[in-house]
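Data block for model_3.cif (mmCIF, C-alpha atoms):
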```cif
data_coords
#
loop_
_atom_site.label_atom_id
_atom_site.label_comp_id
_atom_site.auth_asym_id
_atom_site.auth_seq_id
_atom_site.Cartn_x
_atom_site.Cartn_y
_atom_site.Cartn_z
CA MET A 146 18.89 -7.48 3.24
CA ILE A 147 20.66 -6.42 0.03
CA ALA A 148 17.46 -6.88 -2.01
CA ARG A 149 15.54 -4.78 0.51
CA ARG A 150 18.02 -1.93 0.30
CA LEU A 151 17.85 -2.06 -3.48
CA GLY A 152 14.11 -1.26 -3.43
CA PRO A 153 14.41 2.56 -3.67
CA LEU A 154 17.15 2.21 -6.28
CA MET A 155 15.07 -0.04 -8.48
CA ALA A 156 12.09 2.27 -8.10
CA ALA A 157 14.33 5.04 -9.38
CA VAL A 158 15.33 2.88 -12.36
CA VAL A 159 11.65 2.49 -13.21
CA VAL A 160 11.24 6.27 -13.06
CA LEU A 161 14.11 6.79 -15.47
CA ALA A 162 13.10 4.01 -17.82
CA GLY A 163 9.41 4.66 -17.96
CA SER A 164 8.86 8.36 -17.63
CA GLY A 165 11.29 11.00 -18.88
CA ALA A 166 9.80 13.17 -21.59
CA ALA A 167 6.47 11.41 -21.25
CA GLN A 168 5.96 12.82 -17.75
CA ALA A 169 6.62 16.33 -19.03
CA ALA A 170 4.15 16.12 -21.91
CA ALA A 171 1.20 18.47 -22.29
CA PRO A 172 -2.16 17.64 -20.65
CA GLU A 173 -4.31 15.12 -22.50
CA PRO A 174 -8.00 15.50 -23.39
CA VAL A 175 -10.19 13.43 -21.08
CA PRO A 176 -11.05 9.99 -22.50
CA GLU A 177 -14.52 8.77 -23.42
CA VAL A 178 -14.05 4.99 -23.06
CA MET A 179 -11.63 3.22 -20.74
CA ALA A 180 -10.58 -0.40 -20.35
CA ALA A 181 -8.92 -2.11 -17.38
CA LEU A 182 -6.54 -4.92 -18.36
CA GLY A 183 -4.67 -7.27 -16.08
CA ASP A 184 -5.20 -9.90 -13.41
CA SER A 185 -7.11 -10.32 -10.14
CA ILE A 186 -5.81 -7.05 -8.72
CA SER A 187 -7.54 -5.01 -11.41
CA SER A 188 -10.65 -7.21 -11.31
CA GLY A 189 -11.10 -6.32 -7.63
CA PHE A 190 -10.90 -9.96 -6.57
CA ASN A 191 -11.83 -10.52 -2.90
CA SER A 192 -12.43 -6.82 -2.29
CA CYS A 193 -16.19 -7.13 -1.67
CA GLY A 194 -17.11 -10.82 -1.67
CA TRP A 195 -15.88 -14.30 -0.89
CA TYR A 196 -13.48 -15.37 -3.66
CA VAL A 197 -15.22 -13.44 -6.42
CA SER A 198 -14.19 -10.55 -8.62
CA CYS A 199 -15.57 -7.18 -7.58
CA PRO A 200 -15.06 -4.93 -10.62
CA SER A 201 -16.97 -2.13 -8.86
CA ARG A 202 -14.02 -1.92 -6.42
CA SER A 203 -11.31 -1.94 -9.08
CA TRP A 204 -8.69 0.81 -8.74
CA SER A 205 -9.00 1.35 -12.47
CA ALA A 206 -12.54 1.04 -13.84
CA GLY A 207 -14.55 0.59 -10.64
CA ASP A 208 -17.59 2.72 -9.84
CA HIS A 209 -17.74 2.37 -6.05
CA ALA A 210 -17.24 5.70 -4.29
CA SER A 211 -15.07 4.24 -1.52
CA VAL A 212 -12.31 3.32 -3.97
CA ASN A 213 -12.32 6.57 -5.99
CA SER A 214 -11.03 4.84 -9.10
CA HIS A 215 -9.56 6.33 -12.26
CA TYR A 216 -13.02 6.06 -13.78
CA LEU A 217 -14.69 8.14 -11.06
CA ARG A 218 -11.89 10.70 -11.05
CA LEU A 219 -12.24 11.12 -14.81
CA LEU A 220 -15.99 11.58 -14.42
CA ARG A 221 -15.38 14.45 -12.01
CA LEU A 222 -12.98 16.03 -14.49
CA GLY A 223 -15.83 16.33 -16.98
CA SER A 224 -15.13 13.27 -19.06
CA PRO A 225 -18.13 11.91 -21.03
CA ILE A 226 -17.01 8.46 -19.90
CA GLU A 227 -20.06 7.58 -17.80
CA GLY A 228 -21.09 3.98 -18.40
CA HIS A 229 -18.09 3.36 -20.65
CA ASN A 230 -15.79 1.70 -18.10
CA ARG A 231 -14.85 -1.72 -19.48
CA ALA A 232 -13.38 -4.37 -17.17
CA PHE A 233 -11.37 -6.99 -19.07
CA ALA A 234 -8.98 -7.96 -16.26
CA VAL A 235 -9.29 -11.62 -15.24
CA PRO A 236 -8.14 -13.38 -12.03
CA GLY A 237 -5.15 -15.58 -12.68
CA ALA A 238 -4.16 -13.77 -15.87
CA THR A 239 -0.48 -13.61 -16.76
CA SER A 240 1.41 -11.72 -19.43
CA ALA A 241 0.38 -14.53 -21.82
CA ASP A 242 -3.23 -13.35 -21.54
CA LEU A 243 -2.59 -9.67 -22.13
CA LEU A 244 -2.85 -9.83 -25.92
CA GLY A 245 -6.36 -11.28 -25.72
CA GLN A 246 -7.41 -8.53 -23.34
CA VAL A 247 -5.90 -5.92 -25.65
CA ARG A 248 -8.06 -7.24 -28.46
CA GLN A 249 -11.11 -6.76 -26.25
CA ALA A 250 -10.05 -3.18 -25.55
CA VAL A 251 -9.63 -2.57 -29.28
CA GLY A 252 -13.10 -3.98 -29.87
CA ALA A 253 -14.49 -1.61 -27.23
CA LYS A 254 -12.74 1.34 -28.94
CA ALA A 255 -11.16 2.41 -25.67
CA ASP A 256 -9.18 5.63 -25.74
CA TYR A 257 -7.72 5.05 -22.26
CA VAL A 258 -6.28 1.68 -21.22
CA THR A 259 -4.78 0.71 -17.87
CA ILE A 260 -2.52 -2.30 -17.47
CA LEU A 261 -1.29 -4.05 -14.34
CA ILE A 262 0.09 -7.48 -15.17
CA GLY A 263 2.87 -9.68 -13.83
CA ALA A 264 2.09 -10.74 -10.27
CA GLN A 265 0.84 -14.09 -11.55
CA ASP A 266 3.93 -14.46 -13.71
CA ALA A 267 5.95 -14.51 -10.49
CA CYS A 268 3.43 -16.22 -8.19
CA LYS A 269 3.84 -19.89 -8.95
CA LEU A 270 4.17 -23.09 -6.96
CA GLU A 271 7.85 -23.34 -7.88
CA GLU A 272 10.47 -20.85 -9.06
CA ARG A 273 11.14 -22.73 -12.27
CA GLN A 274 7.54 -21.97 -13.34
CA MET A 275 8.00 -18.19 -13.23
CA THR A 276 7.84 -16.43 -16.56
CA PRO A 277 11.34 -15.60 -17.87
CA VAL A 278 11.96 -11.86 -18.03
CA GLY A 279 12.62 -11.94 -21.77
CA VAL A 280 9.34 -13.75 -22.40
CA TYR A 281 7.46 -11.26 -20.24
CA ARG A 282 8.90 -8.35 -22.21
CA ARG A 283 8.19 -9.99 -25.55
CA ARG A 284 4.55 -10.53 -24.59
CA LEU A 285 4.18 -6.93 -23.48
CA ASP A 286 5.74 -5.62 -26.67
CA GLN A 287 3.40 -7.75 -28.77
CA ALA A 288 0.34 -6.65 -26.82
CA LEU A 289 1.27 -2.97 -26.86
CA SER A 290 2.09 -3.13 -30.57
CA GLU A 291 -1.36 -4.52 -31.32
CA LEU A 292 -2.95 -1.96 -29.04
CA ARG A 293 -1.19 0.86 -30.87
CA ALA A 294 -2.17 -0.57 -34.27
CA GLY A 295 -5.81 -0.97 -33.28
CA LEU A 296 -6.14 2.18 -31.16
CA PRO A 297 -3.52 4.64 -32.43
CA GLN A 298 -4.91 7.54 -30.37
CA ALA A 299 -5.35 5.65 -27.11
CA ARG A 300 -3.52 6.72 -23.96
CA VAL A 301 -2.01 3.80 -22.04
CA PHE A 302 -1.16 3.65 -18.35
CA VAL A 303 1.08 0.87 -17.01
CA SER A 304 1.18 0.27 -13.26
CA SER A 305 4.11 -1.34 -11.51
CA ILE A 306 3.53 -4.70 -9.81
CA PRO A 307 3.26 -4.52 -6.01
CA ASP A 308 6.21 -5.70 -3.95
CA LEU A 309 5.38 -9.30 -3.03
CA HIS A 310 8.28 -9.35 -0.58
CA ARG A 311 6.64 -6.50 1.29
CA LEU A 312 3.51 -8.64 1.68
CA TRP A 313 5.58 -11.44 3.17
CA GLN A 314 7.29 -9.00 5.53
CA VAL A 315 4.06 -7.60 6.98
CA GLY A 316 2.21 -10.92 7.08
CA LYS A 317 4.77 -13.47 8.22
CA GLY A 318 4.08 -12.71 11.89
CA ASN A 319 0.32 -13.12 11.52
CA ALA A 320 -0.94 -16.66 12.19
CA LEU A 321 -4.04 -16.24 10.02
CA ALA A 322 -2.02 -14.92 7.10
CA ARG A 323 0.42 -17.80 7.34
CA THR A 324 -2.48 -20.27 7.45
CA PHE A 325 -4.21 -18.85 4.37
CA TRP A 326 -0.96 -18.72 2.42
CA THR A 327 -0.12 -22.32 3.29
CA VAL A 328 -3.54 -23.96 3.00
CA GLY A 329 -4.46 -22.00 -0.12
CA ARG A 330 -0.96 -22.46 -1.61
CA ILE A 331 -0.96 -18.76 -2.42
CA CYS A 332 2.07 -17.40 -4.29
CA GLN A 333 4.31 -20.16 -3.04
CA THR A 334 7.39 -18.82 -4.77
CA MET A 335 7.31 -15.98 -2.24
CA LEU A 336 5.03 -17.17 0.57
CA ALA A 337 5.95 -20.83 1.08
CA ARG A 338 7.34 -21.59 4.56
CA PRO A 339 6.68 -18.00 5.65
CA SER A 340 8.27 -18.39 9.10
CA SER A 341 11.50 -19.89 7.82
CA VAL A 342 14.71 -17.87 8.13
CA LYS A 343 16.85 -20.55 6.53
CA PRO A 344 19.28 -19.19 3.91
CA ALA A 345 17.59 -21.16 1.12
CA ASP A 346 14.20 -19.58 1.86
CA ARG A 347 15.63 -16.08 2.27
CA GLN A 348 17.47 -16.42 -1.02
CA ARG A 349 14.35 -17.74 -2.76
CA ARG A 350 12.34 -14.71 -1.63
CA ALA A 351 15.11 -12.37 -2.79
CA ARG A 352 15.13 -14.01 -6.23
CA VAL A 353 11.37 -13.70 -6.60
CA ARG A 354 11.52 -10.04 -5.58
CA GLU A 355 14.25 -9.44 -8.15
CA ARG A 356 12.06 -11.10 -10.79
CA VAL A 357 9.20 -8.71 -9.98
CA MET A 358 11.59 -5.75 -10.16
CA ALA A 359 12.82 -7.00 -13.52
CA TYR A 360 9.24 -7.23 -14.79
CA ASN A 361 8.65 -3.66 -13.65
CA ARG A 362 11.76 -2.43 -15.41
CA GLU A 363 10.78 -4.13 -18.67
CA ALA A 364 7.17 -2.93 -18.46
CA ALA A 365 8.42 0.64 -18.01
CA ARG A 366 10.74 0.31 -20.98
CA ALA A 367 8.00 -1.18 -23.14
CA CYS A 368 5.78 1.74 -22.20
CA ALA A 369 8.53 4.28 -22.93
CA ALA A 370 8.88 2.79 -26.41
CA LEU A 371 5.32 3.97 -27.16
CA GLY A 372 6.31 7.57 -26.49
CA THR A 373 4.17 10.20 -24.79
CA SER A 374 0.96 8.24 -25.24
CA CYS A 375 2.06 5.81 -22.52
CA ARG A 376 2.73 6.61 -18.87
CA THR A 377 3.84 4.54 -15.89
CA ASP A 378 3.39 5.10 -12.17
CA ALA A 379 7.18 5.54 -11.88
CA GLY A 380 7.34 2.60 -9.48
CA ALA A 381 4.88 4.12 -7.00
CA VAL A 382 2.85 0.94 -6.45
CA PHE A 383 5.93 -1.22 -5.99
CA ALA A 384 7.40 1.27 -3.52
CA TYR A 385 4.23 1.80 -1.45
CA PRO A 386 4.49 0.45 2.14
CA PHE A 387 1.34 -1.68 2.10
CA THR A 388 0.21 -3.22 5.41
CA LEU A 389 -2.24 -5.98 6.31
CA GLU A 390 -4.89 -3.25 6.56
CA HIS A 391 -4.75 -3.08 2.77
CA VAL A 392 -5.35 -6.77 2.00
CA SER A 393 -8.37 -9.04 2.09
CA ARG A 394 -8.96 -11.05 5.26
CA TRP A 395 -10.19 -13.86 3.01
CA ASP A 396 -6.74 -14.60 1.61
CA TYR A 397 -4.24 -12.05 3.02
CA PHE A 398 -3.05 -11.47 -0.51
CA HIS A 399 -5.40 -9.45 -2.70
CA PRO A 400 -6.05 -5.74 -2.07
CA ASN A 401 -9.22 -5.06 -0.12
CA GLU A 402 -11.28 -1.90 -0.54
CA ALA A 403 -8.65 0.16 1.28
CA GLY A 404 -5.89 -1.37 -0.80
CA GLN A 405 -7.74 -0.64 -4.03
CA ARG A 406 -8.20 2.96 -2.88
CA VAL A 407 -4.44 3.30 -2.35
CA LEU A 408 -3.78 1.82 -5.79
CA ALA A 409 -6.17 4.31 -7.38
CA GLU A 410 -4.60 7.27 -5.62
CA ARG A 411 -0.97 6.31 -6.24
CA THR A 412 -1.49 5.46 -9.89
CA PHE A 413 -3.74 8.36 -10.86
CA ARG A 414 -1.44 10.99 -9.39
CA ASN A 415 1.49 9.52 -11.32
CA GLY A 416 -0.38 9.12 -14.58
CA PHE A 417 -1.65 11.56 -17.18
CA ASP A 418 -2.51 15.21 -16.69
CA TRP A 419 -6.04 15.35 -18.04
CA VAL A 420 -7.89 18.41 -19.29
CA ASP A 421 -11.49 18.89 -20.38
CA PRO A 422 -11.25 20.57 -23.82
CA ARG A 423 -14.86 21.73 -23.76
#
```
Encoded form using structure tokens:
Amino acid sequence: MIARRLGPLMAAVVVLAGSGAAQAAAPEPVPEVMAALGDSISSGFNSCGWYVSCPSRSWSAGDHASVNSHYLRLLRLGSPIEGHNRAFAVPGATSADLLGQVRQAVGAKADYVTILIGAQDACKLEERQMTPVGVYRRRLDQALSELRAGLPQARVFVSSIPDLHRLWQVGKGNALARTFWTVGRICQTMLARPSSVKPADRQRRARVRERVMAYNREAARACAALGTSCRTDAGAVFAYPFTLEHVSRWDYFHPNEAGQRVLAERTFRNGFDWVDPR
């Protein structure tokens, strides 16, 4: 219960740590090449097919009208970005994989990069396997430093990680969700024994949620260190009240088309103010 009540407070911490002067900066010229970095969420996994990535449905670089991604919104703003939406996010990626994806973005000469990474750092079979917060931050700093060195003019957007505890809350009463989580061994740190109300299981879920909140705080601080060229969603994705209507019926975990649409809307409105200089 305490962890649940802390949700709005921690979202506020992310706002303070990751926005500030950056959110008040002048509008940015629309980008010409964008790159989506991260894990299965940004690859659109399970949003259009059976256990496959669906980059067309990605909240970031997707081109499917139903999602209304950052890419499509930038196109409508007059950006010459058409055909230059690069998808480097990979299912199962953790913060350890971000540097390699950054190098791909540098190679593509992206001037707009989105990052959503960390769910797989927390989603393990056992708690002891979760990425330590300090390691997570160190990996982000290294990746962002290389990104800045290779693409000094690039604008970077960092999304918060969704609230995994929220997923458990809305799915624990659904028999199909519980079955998929158990049989597929999905995010067992949070979703193991989903019906249990034993103190040990409640405390485990609270600790995993706190780990995700800590990742979000550190990601926001790493972004703030880049200055006005980096923006966060100010905790909007973490705070959003997702329901089972937003997740795939093939695993009750990954965002479906509707979930990707929500991600696109919540992140874009909290990101950069773009302007067409032409």
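Residues lying within 7 Å of Ser185 (chain A), counting only C-alpha atoms and ignoring same-chain neighbours fewer than 2 positions away, are Ser187, Ser188, Gly189, Phe190, Ala234, Val235, Pro236 and Gly237 of chain A.
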Can you write out the residues you just picked, keeping C-alpha atoms, as a PDB file, in the frame of the given file?
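Wrote it out as part_18.pdb, contents follow:
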```
ATOM      1  CA  SER A 187      -7.540  -5.010 -11.410  1.00  0.00           C
ATOM      2  CA  SER A 188     -10.650  -7.210 -11.310  1.00  0.00           C
ATOM      3  CA  GLY A 189     -11.100  -6.320  -7.630  1.00  0.00           C
ATOM      4  CA  PHE A 190     -10.900  -9.960  -6.570  1.00  0.00           C
ATOM      5  CA  ALA A 234      -8.980  -7.960 -16.260  1.00  0.00           C
ATOM      6  CA  VAL A 235      -9.290 -11.620 -15.240  1.00  0.00           C
ATOM      7  CA  PRO A 236      -8.140 -13.380 -12.030  1.00  0.00           C
ATOM      8  CA  GLY A 237      -5.150 -15.580 -12.680  1.00  0.00           C
TER       9      GLY A 237
END
```
Result set of the PyMOL selection byres ((chain A and resi 273-285) around 9) on the coordinates above, as an MDAnalysis selection string: chainID A and resid 239:244 263 265:272 286:290 334 353 356 359:360 363:364 366:368
Output for the residues just chosen: C-alpha atoms as a compact mmCIF listing (two decimals), in the coordinates of the input:
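Result saved to selection.txt:
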```txt
# COMPACT_ATOMS: atom_id res chain seq x y z
CA THR A 239 -0.48 -13.61 -16.76
CA SER A 240 1.41 -11.72 -19.43
CA ALA A 241 0.38 -14.53 -21.82
CA ASP A 242 -3.23 -13.35 -21.54
CA LEU A 243 -2.59 -9.67 -22.13
CA LEU A 244 -2.85 -9.83 -25.92
CA GLY A 263 2.87 -9.68 -13.83
CA GLN A 265 0.84 -14.09 -11.55
CA ASP A 266 3.93 -14.46 -13.71
CA ALA A 267 5.95 -14.51 -10.49
CA CYS A 268 3.43 -16.22 -8.19
CA LYS A 269 3.84 -19.89 -8.95
CA LEU A 270 4.17 -23.09 -6.96
CA GLU A 271 7.85 -23.34 -7.88
CA GLU A 272 10.47 -20.85 -9.06
CA ASP A 286 5.74 -5.62 -26.67
CA GLN A 287 3.40 -7.75 -28.77
CA ALA A 288 0.34 -6.65 -26.82
CA LEU A 289 1.27 -2.97 -26.86
CA SER A 290 2.09 -3.13 -30.57
CA THR A 334 7.39 -18.82 -4.77
CA VAL A 353 11.37 -13.70 -6.60
CA ARG A 356 12.06 -11.10 -10.79
CA ALA A 359 12.82 -7.00 -13.52
CA TYR A 360 9.24 -7.23 -14.79
CA GLU A 363 10.78 -4.13 -18.67
CA ALA A 364 7.17 -2.93 -18.46
CA ARG A 366 10.74 0.31 -20.98
CA ALA A 367 8.00 -1.18 -23.14
CA CYS A 368 5.78 1.74 -22.20
```
Residues of region 319-389 of chain A within 9 Å of region 396-406 of chain A: nearest atom pair and distance (Å, one decimal) for each, counting all atoms listed in the file, sorted by chain and number, as JSON lines?
```
{"residue": "A:Leu321", "atom": "CA", "partner": "A:Tyr397", "partner_atom": "CA", "distance": 8.2}
{"residue": "A:Ala322", "atom": "CA", "partner": "A:Tyr397", "partner_atom": "CA", "distance": 5.5}
{"residue": "A:Arg323", "atom": "CA", "partner": "A:Tyr397", "partner_atom": "CA", "distance": 8.6}
{"residue": "A:Phe325", "atom": "CA", "partner": "A:Asp396", "partner_atom": "CA", "distance": 5.7}
{"residue": "A:Trp326", "atom": "CA", "partner": "A:Asp396", "partner_atom": "CA", "distance": 7.1}
{"residue": "A:Gly329", "atom": "CA", "partner": "A:Asp396", "partner_atom": "CA", "distance": 7.9}
{"residue": "A:Ile331", "atom": "CA", "partner": "A:Phe398", "partner_atom": "CA", "distance": 7.8}
{"residue": "A:Cys332", "atom": "CA", "partner": "A:Phe398", "partner_atom": "CA", "distance": 8.7}
{"residue": "A:Phe387", "atom": "CA", "partner": "A:Gly404", "partner_atom": "CA", "distance": 7.8}
{"residue": "A:Thr388", "atom": "CA", "partner": "A:Gly404", "partner_atom": "CA", "distance": 8.9}
{"residue": "A:Leu389", "atom": "CA", "partner": "A:Tyr397", "partner_atom": "CA", "distance": 7.2}
```
Shortest interatomic distance to Gly295 (chain A) - which of A:Ala264, A:Ala351, A:Leu182, A:Val251, counting only C-alpha atoms: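 Looking only at the distances to Gly295 (chain A), the closest residue turns out to be A:Val251.
When the PyMOL selection byres ((chain A and resi 416) around 7) is evaluated against the file, it yields Phe302, Arg376, Thr377, Asp378, Thr412, Phe413, Arg414, Asn415, Phe417 and Asp418 of chain A.
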Ground truth for the PyMOL selection byres ((chain A and resi 311-313) around 9), written as a list in words: Pro307, Asp308, Leu309, His310, Gln314, Val315, Gly316, Lys317, Gly318, Met335, Leu336, Pro339, Arg350, Pro386, Phe387, Thr388, Leu389, Tyr397 and Phe398 of chain A
CA of Leu222 (chain A) to CA of Glu173 (chain A), straight-line distance in Å: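 That distance, rounded to one decimal, is 11.8 Å.
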Two-atom distance - CA of Ser374 (chain A), CA of Ile306 (chain A) (Å):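 Atom-to-atom, CA of Ser374 (chain A) to CA of Ile306 (chain A), that is 20.3 Å.
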Separation of CA of Ser214 (chain A) from CA of Ala409 (chain A) in Å: 5.2 Å
Selected residue, from A:Tyr385, A:Lys254, A:Ser192, A:Arg221, that lies nearest to Pro297 (chain A) when counting all atoms listed in the file: A:Lys254
